[in-house]
file final_3.cif (mmCIF, C-alpha atoms)
data_query
loop_
_atom_site.group_PDB
_atom_site.id
_atom_site.type_symbol
_atom_site.label_atom_id
_atom_site.label_comp_id
_atom_site.auth_asym_id
_atom_site.auth_seq_id
_atom_site.Cartn_x
_atom_site.Cartn_y
_atom_site.Cartn_z
ATOM 1 C CA MET O 79 225.725 159.462 98.109
ATOM 2 C CA SER O 80 222.245 160.911 98.415
ATOM 3 C CA LEU O 81 223.640 164.463 98.220
ATOM 4 C CA ARG O 82 225.463 163.658 94.978
ATOM 5 C CA THR O 83 222.343 162.028 93.607
ATOM 6 C CA SER O 84 220.306 165.087 94.529
ATOM 7 C CA ARG O 85 222.774 167.404 92.820
ATOM 8 C CA SER O 86 222.859 165.219 89.729
ATOM 9 C CA ALA O 87 219.077 165.137 89.586
ATOM 10 C CA ARG O 88 218.903 168.902 89.955
ATOM 11 C CA ALA O 89 221.516 169.394 87.232
ATOM 12 C CA GLY O 90 219.520 167.090 84.983
ATOM 13 C CA GLN O 91 216.372 169.089 85.658
ATOM 14 C CA TYR O 92 218.105 172.360 84.816
ATOM 15 C CA ALA O 93 219.539 170.842 81.634
ATOM 16 C CA ALA O 94 216.108 169.597 80.587
ATOM 17 C CA LEU O 95 214.601 173.014 81.352
ATOM 18 C CA LEU O 96 217.315 174.730 79.306
ATOM 19 C CA CYS O 97 216.668 172.419 76.336
ATOM 20 C CA TYR O 98 212.955 173.126 76.606
ATOM 21 C CA LEU O 99 213.528 176.883 76.664
ATOM 22 C CA VAL O 100 215.781 176.652 73.611
ATOM 23 C CA PHE O 101 213.122 174.590 71.856
ATOM 24 C CA LEU O 102 210.476 177.224 72.612
ATOM 25 C CA ALA O 103 212.679 180.196 71.770
ATOM 26 C CA PHE O 104 214.049 178.871 68.468
ATOM 27 C CA PRO O 105 211.064 179.832 66.242
ATOM 28 C CA PHE O 106 210.856 183.324 67.746
ATOM 29 C CA LEU O 107 214.599 183.959 67.429
ATOM 30 C CA TRP O 108 214.579 182.749 63.834
ATOM 31 C CA LEU O 109 211.588 185.014 63.146
ATOM 32 C CA ILE O 110 213.491 188.028 64.483
ATOM 33 C CA SER O 111 216.547 187.119 62.426
ATOM 34 C CA THR O 112 214.458 186.779 59.264
ATOM 35 C CA ALA O 113 212.680 190.074 59.856
ATOM 36 C CA PHE O 114 215.967 191.998 59.771
ATOM 37 C CA LYS O 115 217.595 190.189 56.826
ATOM 38 C CA PRO O 116 217.792 191.826 53.393
ATOM 39 C CA ALA O 117 216.447 189.996 50.351
ATOM 40 C CA PRO O 118 219.812 188.519 49.210
ATOM 41 C CA GLU O 119 220.375 186.889 52.618
ATOM 42 C CA LEU O 120 216.839 185.498 52.676
ATOM 43 C CA GLY O 121 217.542 183.664 49.436
ATOM 44 C CA SER O 122 220.979 182.462 50.451
ATOM 45 C CA LEU O 123 221.747 178.734 50.389
ATOM 46 C CA HIS O 124 223.753 179.159 53.602
ATOM 47 C CA PRO O 125 221.465 180.901 56.108
ATOM 48 C CA THR O 126 222.953 182.548 59.173
ATOM 49 C CA TRP O 127 221.573 183.195 62.629
ATOM 50 C CA ILE O 128 222.617 186.836 62.754
ATOM 51 C CA PRO O 129 221.943 189.060 59.719
ATOM 52 C CA GLU O 130 225.195 190.166 58.120
ATOM 53 C CA HIS O 131 223.618 193.383 56.858
ATOM 54 C CA PRO O 132 220.555 194.067 59.073
ATOM 55 C CA THR O 133 217.913 196.293 57.544
ATOM 56 C CA LEU O 134 214.531 197.805 58.336
ATOM 57 C CA ASP O 135 213.338 197.567 54.739
ATOM 58 C CA ASN O 136 211.147 194.565 55.557
ATOM 59 C CA PHE O 137 209.236 196.588 58.147
ATOM 60 C CA ARG O 138 208.793 199.518 55.780
ATOM 61 C CA GLN O 139 207.608 197.218 53.024
ATOM 62 C CA ALA O 140 205.203 195.446 55.360
ATOM 63 C CA PHE O 141 203.530 198.724 56.369
ATOM 64 C CA ASP O 142 203.446 199.891 52.758
ATOM 65 C CA GLU O 143 201.841 196.701 51.459
ATOM 66 C CA GLN O 144 199.226 196.071 54.145
ATOM 67 C CA PRO O 145 197.205 198.195 56.641
ATOM 68 C CA LEU O 146 198.892 196.704 59.704
ATOM 69 C CA LEU O 147 198.044 199.545 62.094
ATOM 70 C CA ARG O 148 194.340 199.376 61.308
ATOM 71 C CA ALA O 149 194.347 195.594 61.605
ATOM 72 C CA ALA O 150 196.218 195.809 64.910
ATOM 73 C CA ALA O 151 193.645 198.293 66.213
ATOM 74 C CA ASN O 152 190.847 195.892 65.266
ATOM 75 C CA SER O 153 192.603 192.993 66.985
ATOM 76 C CA LEU O 154 193.298 195.084 70.078
ATOM 77 C CA THR O 155 189.669 196.207 70.320
ATOM 78 C CA ALA O 156 188.330 192.678 69.951
ATOM 79 C CA ALA O 157 190.868 191.140 72.345
ATOM 80 C CA LEU O 158 190.453 193.724 75.101
ATOM 81 C CA ALA O 159 186.668 193.646 74.913
ATOM 82 C CA ALA O 160 186.588 189.846 74.897
ATOM 83 C CA GLY O 161 188.929 189.627 77.886
ATOM 84 C CA VAL O 162 186.999 192.122 79.990
ATOM 85 C CA ILE O 163 183.550 190.737 79.155
ATOM 86 C CA ALA O 164 184.616 187.122 79.703
ATOM 87 C CA VAL O 165 186.042 187.937 83.148
ATOM 88 C CA VAL O 166 182.994 189.988 84.177
ATOM 89 C CA ILE O 167 180.674 187.117 83.275
ATOM 90 C CA ALA O 168 182.860 184.273 84.549
ATOM 91 C CA THR O 169 183.761 185.694 87.978
ATOM 92 C CA PRO O 170 180.321 185.562 89.651
ATOM 93 C CA MET O 171 179.521 182.271 87.932
ATOM 94 C CA ALA O 172 182.778 180.757 89.207
ATOM 95 C CA TYR O 173 182.042 181.935 92.742
ATOM 96 C CA VAL O 174 178.626 180.290 92.768
ATOM 97 C CA MET O 175 179.963 177.048 91.278
ATOM 98 C CA ALA O 176 182.835 176.894 93.774
ATOM 99 C CA ARG O 177 180.887 177.766 96.918
ATOM 100 C CA HIS O 178 177.713 175.808 96.157
ATOM 101 C CA ARG O 179 178.797 172.324 95.129
ATOM 102 C CA THR O 180 175.573 170.785 93.924
ATOM 103 C CA ARG O 181 175.001 168.189 91.236
ATOM 104 C CA LEU O 182 174.147 170.994 88.836
ATOM 105 C CA SER O 183 177.454 172.781 89.475
ATOM 106 C CA LYS O 184 179.389 169.529 89.026
ATOM 107 C CA ALA O 185 177.581 168.868 85.757
ATOM 108 C CA ALA O 186 178.310 172.427 84.612
ATOM 109 C CA THR O 187 182.005 171.978 85.419
ATOM 110 C CA GLY O 188 182.118 168.765 83.413
ATOM 111 C CA TRP O 189 180.391 170.427 80.492
ATOM 112 C CA VAL O 190 182.901 173.283 80.595
ATOM 113 C CA VAL O 191 185.769 170.820 80.220
ATOM 114 C CA VAL O 192 184.044 168.789 77.496
ATOM 115 C CA SER O 193 183.148 171.898 75.487
ATOM 116 C CA GLN O 194 186.840 172.657 74.969
ATOM 117 C CA ALA O 195 187.126 169.520 72.837
ATOM 118 C CA PHE O 196 184.682 170.826 70.215
ATOM 119 C CA PRO O 197 186.458 171.633 66.924
ATOM 120 C CA PHE O 198 186.082 175.071 65.352
ATOM 121 C CA VAL O 199 184.454 173.679 62.207
ATOM 122 C CA LEU O 200 181.648 172.130 64.252
ATOM 123 C CA LEU O 201 180.732 175.514 65.732
ATOM 124 C CA ILE O 202 181.189 177.934 62.877
ATOM 125 C CA ILE O 203 177.941 177.174 61.033
ATOM 126 C CA PRO O 204 175.562 177.657 64.003
ATOM 127 C CA LEU O 205 177.542 180.715 65.100
ATOM 128 C CA PHE O 206 177.334 182.155 61.609
ATOM 129 C CA LEU O 207 173.556 181.615 61.478
ATOM 130 C CA VAL O 208 173.029 183.197 64.895
ATOM 131 C CA LEU O 209 175.148 186.220 64.037
ATOM 132 C CA LYS O 210 173.417 186.563 60.688
ATOM 133 C CA HIS O 211 170.045 186.608 62.440
ATOM 134 C CA LEU O 212 171.370 189.312 64.795
ATOM 135 C CA ARG O 213 172.880 191.229 61.853
ATOM 136 C CA LEU O 214 176.342 191.033 63.363
ATOM 137 C CA ILE O 215 178.162 189.405 60.449
ATOM 138 C CA ASN O 216 181.154 191.450 59.332
ATOM 139 C CA THR O 217 181.200 193.459 62.574
ATOM 140 C CA LEU O 218 183.712 193.588 65.397
ATOM 141 C CA TRP O 219 180.946 193.202 67.968
ATOM 142 C CA GLY O 220 179.891 189.937 66.371
ATOM 143 C CA LEU O 221 183.476 188.713 66.502
ATOM 144 C CA ILE O 222 183.768 189.843 70.136
ATOM 145 C CA MET O 223 180.665 187.815 71.025
ATOM 146 C CA VAL O 224 182.236 184.729 69.454
ATOM 147 C CA TYR O 225 185.507 185.283 71.335
ATOM 148 C CA VAL O 226 183.655 185.676 74.636
ATOM 149 C CA VAL O 227 181.686 182.469 74.065
ATOM 150 C CA TRP O 228 184.858 180.614 73.103
ATOM 151 C CA ALA O 229 186.935 181.892 76.035
ATOM 152 C CA LEU O 230 184.210 181.709 78.682
ATOM 153 C CA PRO O 231 184.331 177.932 79.447
ATOM 154 C CA PHE O 232 188.062 177.846 80.118
ATOM 155 C CA ALA O 233 187.933 181.182 81.952
ATOM 156 C CA LEU O 234 185.184 179.791 84.166
ATOM 157 C CA TRP O 235 187.171 176.636 84.824
ATOM 158 C CA MET O 236 190.251 178.670 85.788
ATOM 159 C CA LEU O 237 188.364 180.989 88.136
ATOM 160 C CA VAL O 238 186.586 178.115 89.888
ATOM 161 C CA GLY O 239 189.994 176.809 90.923
ATOM 162 C CA TYR O 240 191.042 180.229 92.208
ATOM 163 C CA VAL O 241 187.815 180.652 94.200
ATOM 164 C CA ARG O 242 188.221 177.229 95.800
ATOM 165 C CA ALA O 243 191.764 178.199 96.820
ATOM 166 C CA VAL O 244 190.371 181.081 98.910
ATOM 167 C CA PRO O 245 189.566 179.708 102.417
ATOM 168 C CA SER O 246 185.858 179.948 103.156
ATOM 169 C CA GLU O 247 186.810 180.625 106.798
ATOM 170 C CA LEU O 248 187.780 184.158 105.797
ATOM 171 C CA GLU O 249 184.267 184.834 104.528
ATOM 172 C CA GLU O 250 182.754 183.272 107.642
ATOM 173 C CA ALA O 251 184.940 185.472 109.831
ATOM 174 C CA ALA O 252 183.839 188.559 107.917
ATOM 175 C CA ALA O 253 180.200 187.522 108.344
ATOM 176 C CA VAL O 254 180.728 187.143 112.085
ATOM 177 C CA ASP O 255 182.142 190.683 112.187
ATOM 178 C CA GLY O 256 178.911 191.935 110.646
ATOM 179 C CA ALA O 257 179.881 192.236 106.993
ATOM 180 C CA GLY O 258 177.134 191.471 104.504
ATOM 181 C CA ARG O 259 177.501 189.162 101.509
ATOM 182 C CA LEU O 260 178.327 191.976 99.079
ATOM 183 C CA ARG O 261 180.807 193.619 101.474
ATOM 184 C CA THR O 262 182.496 190.254 102.048
ATOM 185 C CA LEU O 263 182.853 189.610 98.337
ATOM 186 C CA VAL O 264 184.227 193.077 97.603
ATOM 187 C CA SER O 265 186.534 193.478 100.620
ATOM 188 C CA VAL O 266 187.678 189.908 101.336
ATOM 189 C CA THR O 267 187.231 187.595 98.364
ATOM 190 C CA ALA O 268 187.845 189.930 95.432
ATOM 191 C CA PRO O 269 191.375 191.050 96.478
ATOM 192 C CA LEU O 270 192.453 187.419 96.844
ATOM 193 C CA LEU O 271 190.955 186.611 93.440
ATOM 194 C CA ALA O 272 192.773 189.479 91.721
ATOM 195 C CA PRO O 273 195.717 187.337 90.506
ATOM 196 C CA GLY O 274 193.299 184.764 89.086
ATOM 197 C CA ILE O 275 191.194 187.434 87.406
ATOM 198 C CA VAL O 276 194.282 189.002 85.833
ATOM 199 C CA ALA O 277 195.579 185.629 84.646
ATOM 200 C CA THR O 278 192.183 184.722 83.199
ATOM 201 C CA ALA O 279 191.864 188.054 81.418
ATOM 202 C CA LEU O 280 195.363 187.568 79.996
ATOM 203 C CA PHE O 281 194.371 184.135 78.691
ATOM 204 C CA ALA O 282 191.230 185.515 77.045
ATOM 205 C CA PHE O 283 193.184 188.417 75.538
ATOM 206 C CA ILE O 284 195.914 186.224 74.053
ATOM 207 C CA THR O 285 193.358 183.736 72.722
ATOM 208 C CA ALA O 286 191.420 186.493 70.952
ATOM 209 C CA TRP O 287 194.566 188.293 69.739
ATOM 210 C CA ASN O 288 195.961 185.180 68.057
ATOM 211 C CA GLU O 289 192.656 183.769 66.755
ATOM 212 C CA PHE O 290 192.412 183.374 62.992
ATOM 213 C CA PHE O 291 189.627 181.030 61.861
ATOM 214 C CA PHE O 292 186.573 182.882 63.216
ATOM 215 C CA ALA O 293 187.952 186.239 62.056
ATOM 216 C CA LEU O 294 188.556 184.848 58.564
ATOM 217 C CA VAL O 295 184.998 183.541 58.239
ATOM 218 C CA LEU O 296 183.057 186.339 59.924
ATOM 219 C CA LEU O 297 184.911 189.442 58.690
ATOM 220 C CA LYS O 298 184.791 190.133 54.973
ATOM 221 C CA THR O 299 185.456 193.866 54.712
ATOM 222 C CA PRO O 300 189.211 194.609 54.606
ATOM 223 C CA GLU O 301 188.740 197.598 56.920
ATOM 224 C CA LYS O 302 187.460 195.324 59.695
ATOM 225 C CA GLN O 303 189.872 192.409 59.401
ATOM 226 C CA THR O 304 192.133 191.553 62.314
ATOM 227 C CA LEU O 305 195.901 191.234 62.284
ATOM 228 C CA PRO O 306 196.161 187.416 61.865
ATOM 229 C CA VAL O 307 193.940 187.610 58.790
ATOM 230 C CA VAL O 308 195.910 190.484 57.280
ATOM 231 C CA LEU O 309 199.134 188.501 57.714
ATOM 232 C CA THR O 310 197.834 185.963 55.209
ATOM 233 C CA HIS O 311 197.842 188.690 52.552
ATOM 234 C CA PHE O 312 201.604 188.369 52.392
ATOM 235 C CA LEU O 313 201.128 184.876 50.953
ATOM 236 C CA GLY O 314 200.858 184.721 47.193
ATOM 237 C CA ALA O 315 199.595 182.130 44.764
ATOM 238 C CA GLU O 316 200.782 178.530 45.012
ATOM 239 C CA GLY O 317 202.276 179.034 48.465
ATOM 240 C CA ALA O 318 204.705 181.772 47.438
ATOM 241 C CA SER O 319 205.327 184.271 50.222
ATOM 242 C CA ASP O 320 206.978 187.628 50.681
ATOM 243 C CA LEU O 321 209.151 186.217 53.444
ATOM 244 C CA GLY O 322 210.864 189.356 54.701
ATOM 245 C CA PRO O 323 207.780 191.562 55.175
ATOM 246 C CA LEU O 324 205.824 188.556 56.461
ATOM 247 C CA ALA O 325 208.431 187.893 59.150
ATOM 248 C CA ALA O 326 208.528 191.577 60.072
ATOM 249 C CA ALA O 327 204.748 191.788 60.377
ATOM 250 C CA ALA O 328 204.559 188.526 62.330
ATOM 251 C CA PHE O 329 207.255 189.780 64.715
ATOM 252 C CA LEU O 330 205.270 192.945 65.384
ATOM 253 C CA ALA O 331 202.115 190.872 65.907
ATOM 254 C CA THR O 332 203.756 188.897 68.727
ATOM 255 C CA LEU O 333 204.946 191.945 70.672
ATOM 256 C CA PRO O 334 201.675 192.947 72.419
ATOM 257 C CA SER O 335 201.262 189.551 74.062
ATOM 258 C CA LEU O 336 204.906 189.511 75.202
ATOM 259 C CA VAL O 337 204.798 193.068 76.531
ATOM 260 C CA LEU O 338 201.494 192.522 78.311
ATOM 261 C CA PHE O 339 202.738 189.396 80.049
ATOM 262 C CA ALA O 340 206.039 191.060 81.009
ATOM 263 C CA VAL O 341 204.179 193.985 82.582
ATOM 264 C CA ILE O 342 201.728 191.980 84.694
ATOM 265 C CA GLN O 343 203.718 188.847 85.559
ATOM 266 C CA ARG O 344 205.082 190.387 88.773
ATOM 267 C CA ARG O 345 201.607 191.417 89.794
ATOM 268 C CA ILE O 346 200.307 187.898 89.214
ATOM 269 C CA THR O 347 203.116 186.290 91.231
ATOM 270 C CA GLY O 348 202.969 188.903 93.971
ATOM 271 C CA GLY O 349 199.209 188.595 94.264
ATOM 272 C CA MET O 350 199.420 184.824 94.534
ATOM 273 C CA LEU O 351 201.952 185.097 97.371
ATOM 274 C CA ALA O 352 199.967 187.817 99.117
ATOM 275 C CA GLY O 353 196.796 185.780 98.873
ATOM 276 C CA ALA O 354 198.351 182.628 100.282
ATOM 277 C CA VAL O 355 196.876 181.678 103.628
ATOM 278 C CA LYS O 356 198.404 179.090 105.884
ATOM 279 C CA SER O 357 195.789 177.037 107.649
#
call {"tool": "encode", "arguments": {"input": "final_3.cif", "output": "structure tokens"}}
result
Amino acid sequence: MSLRTSRSARAGQYAALLCYLVFLAFPFLWLISTAFKPAPELGSLHPTWIPEHPTLDNFRQAFDEQPLLRAAANSLTAALAAGVIAVVIATPMAYVMARHRTRLSKAATGWVVVSQAFPFVLLIIPLFLVLKHLRLINTLWGLIMVYVVWALPFALWMLVGYVRAVPSELEEAAAVDGAGRLRTLVSVTAPLLAPGIVATALFAFITAWNEFFFALVLLKTPEKQTLPVVLTHFLGAEGASDLGPLAAAAFLATLPSLVLFAVIQRRITGGMLAGAVKS
């Protein structure tokens, strides 16, 4: 009886997981379908999942109407820089907070969590004034600074958990063998933190790549606008949109995040398994 119950429960779990995956995949699949549909099918009263006459005209039109490559380069520059800088700053801070559990570190951890609840609108005015004083309005470096500040709290919170998962006994053993603090961090702790660092950098990259509000407010020159902002140019007056090119451009905008995750997911999983220590 228990075996049947276990199998039924497992089947129910798989069914629920399948429904969840379908729910997540539906918007992306519909986006792909729309991107390859010609104009007559887009206006049809009986839409279909698979385009009857697939075409690349929407992609050609999207590149002709808007500077997508330049916008993608701006987004890539800002996202990569934000991810690298956030990880470089957060890693040593996370190590100190995890290994030295004082009242100050506990208060800092609580503040990190609370800061994520702040709405964008509450922060944009002081950020704008600070960047204006630094003469970084309408610059990619100003936008990168904002992305780093926005991603840093959550990146710090993630890395603290990874550092705490590394047994302190390994560092003590290295110290007994004569390794100094720096040698211990580089040779013992850092390799075990690699999966967490990669995952945190991926989070910061995706956050910056998809961000829209700060880029819209801080970047005014068309040559410096990022990809999410340029996508809004496909929207006309009174909510009218050029649906085909918009879907094609949006599909291309989602590819970097998907490709990046597909490339490094094995490394993340493998690093987590390699860094597991049984005590």
call {"tool": "atom_distance", "arguments": {"input": "final_3.cif", "atom1": "atom CA of O:Phe339", "atom2": "atom CA of O:Phe281"}}
result
10.0 Å
call {"tool": "residues_near_point", "arguments": {"input": "final_3.cif", "point": "(208.1, 184.2, 65.8)", "cutoff": "9 Å", "atoms": "all atoms listed in the file", "output": "count of residues only"}}
result
13
call {"tool": "resolve_selection", "arguments": {"input": "final_3.cif", "expression": "the PyMOL selection byres ((chain O and resi 153) around 8)", "output": "MDAnalysis selection string"}}
result
chainID O and resid 149:152 154:157 286:287 304:305
call {"tool": "resolve_selection", "arguments": {"input": "final_3.cif", "expression": "the PyMOL selection byres ((chain O and resi 116) around 9)", "output": "list of chain:residue names"}}
result
O:Thr112, O:Ala113, O:Phe114, O:Lys115, O:Ala117, O:Pro118, O:Glu119, O:Leu120, O:Pro129, O:Glu130, O:His131, O:Pro132, O:Thr133, O:Leu134, O:Asp135, O:Asn136, O:Gly322
call {"tool": "atom_distance", "arguments": {"input": "final_3.cif", "atom1": "atom CA of O:Leu205", "atom2": "atom CA of O:Gly220"}}
result
9.6 Å
call {"tool": "decode", "arguments": {"input": "final_3.cif", "residues": "stretch 102-150 of chain O", "atoms": "C-alpha atoms", "output": "mmCIF file, in the first residue's frame"}}
result
data_model
loop_
_atom_site.group_PDB
_atom_site.id
_atom_site.type_symbol
_atom_site.label_atom_id
_atom_site.label_comp_id
_atom_site.auth_asym_id
_atom_site.auth_seq_id
_atom_site.Cartn_x
_atom_site.Cartn_y
_atom_site.Cartn_z
ATOM 1 C CA LEU O 102 6.715 28.837 -17.930
ATOM 2 C CA ALA O 103 7.407 27.849 -21.526
ATOM 3 C CA PHE O 104 4.115 29.072 -23.012
ATOM 4 C CA PRO O 105 5.041 32.789 -23.342
ATOM 5 C CA PHE O 106 8.431 31.978 -24.873
ATOM 6 C CA LEU O 107 6.995 29.465 -27.351
ATOM 7 C CA TRP O 108 4.278 31.906 -28.372
ATOM 8 C CA LEU O 109 6.940 34.605 -28.802
ATOM 9 C CA ILE O 110 8.924 32.353 -31.145
ATOM 10 C CA SER O 111 5.794 31.501 -33.114
ATOM 11 C CA THR O 112 4.885 35.178 -33.478
ATOM 12 C CA ALA O 113 8.389 36.133 -34.562
ATOM 13 C CA PHE O 114 8.214 33.819 -37.583
ATOM 14 C CA LYS O 115 4.638 34.600 -38.676
ATOM 15 C CA PRO O 116 3.957 36.822 -41.693
ATOM 16 C CA ALA O 117 1.690 39.845 -41.336
ATOM 17 C CA PRO O 118 -1.519 38.133 -42.590
ATOM 18 C CA GLU O 119 -1.199 35.372 -39.971
ATOM 19 C CA LEU O 120 -0.537 37.897 -37.209
ATOM 20 C CA GLY O 121 -3.856 39.556 -37.976
ATOM 21 C CA SER O 122 -5.789 36.328 -38.336
ATOM 22 C CA LEU O 123 -8.865 35.742 -36.171
ATOM 23 C CA HIS O 124 -7.828 32.093 -35.797
ATOM 24 C CA PRO O 125 -4.222 32.093 -34.556
ATOM 25 C CA THR O 126 -2.142 28.944 -34.846
ATOM 26 C CA TRP O 127 0.746 27.613 -32.806
ATOM 27 C CA ILE O 128 2.954 26.827 -35.784
ATOM 28 C CA PRO O 129 3.305 29.427 -38.565
ATOM 29 C CA GLU O 130 1.775 28.154 -41.789
ATOM 30 C CA HIS O 131 4.174 30.224 -43.883
ATOM 31 C CA PRO O 132 7.225 30.970 -41.673
ATOM 32 C CA THR O 133 9.264 33.985 -42.687
ATOM 33 C CA LEU O 134 12.326 35.948 -41.631
ATOM 34 C CA ASP O 135 10.851 39.267 -42.739
ATOM 35 C CA ASN O 136 10.120 40.262 -39.140
ATOM 36 C CA PHE O 137 13.799 39.933 -38.238
ATOM 37 C CA ARG O 138 14.897 41.920 -41.276
ATOM 38 C CA GLN O 139 12.365 44.624 -40.524
ATOM 39 C CA ALA O 140 13.402 44.763 -36.880
ATOM 40 C CA PHE O 141 17.061 45.358 -37.787
ATOM 41 C CA ASP O 142 16.080 47.899 -40.431
ATOM 42 C CA GLU O 143 13.850 49.903 -38.095
ATOM 43 C CA GLN O 144 15.990 49.978 -34.954
ATOM 44 C CA PRO O 145 19.743 49.794 -34.115
ATOM 45 C CA LEU O 146 19.467 46.448 -32.334
ATOM 46 C CA LEU O 147 23.141 45.491 -32.633
ATOM 47 C CA ARG O 148 24.327 48.735 -31.073
ATOM 48 C CA ALA O 149 21.748 48.462 -28.303
ATOM 49 C CA ALA O 150 22.742 44.845 -27.669
#
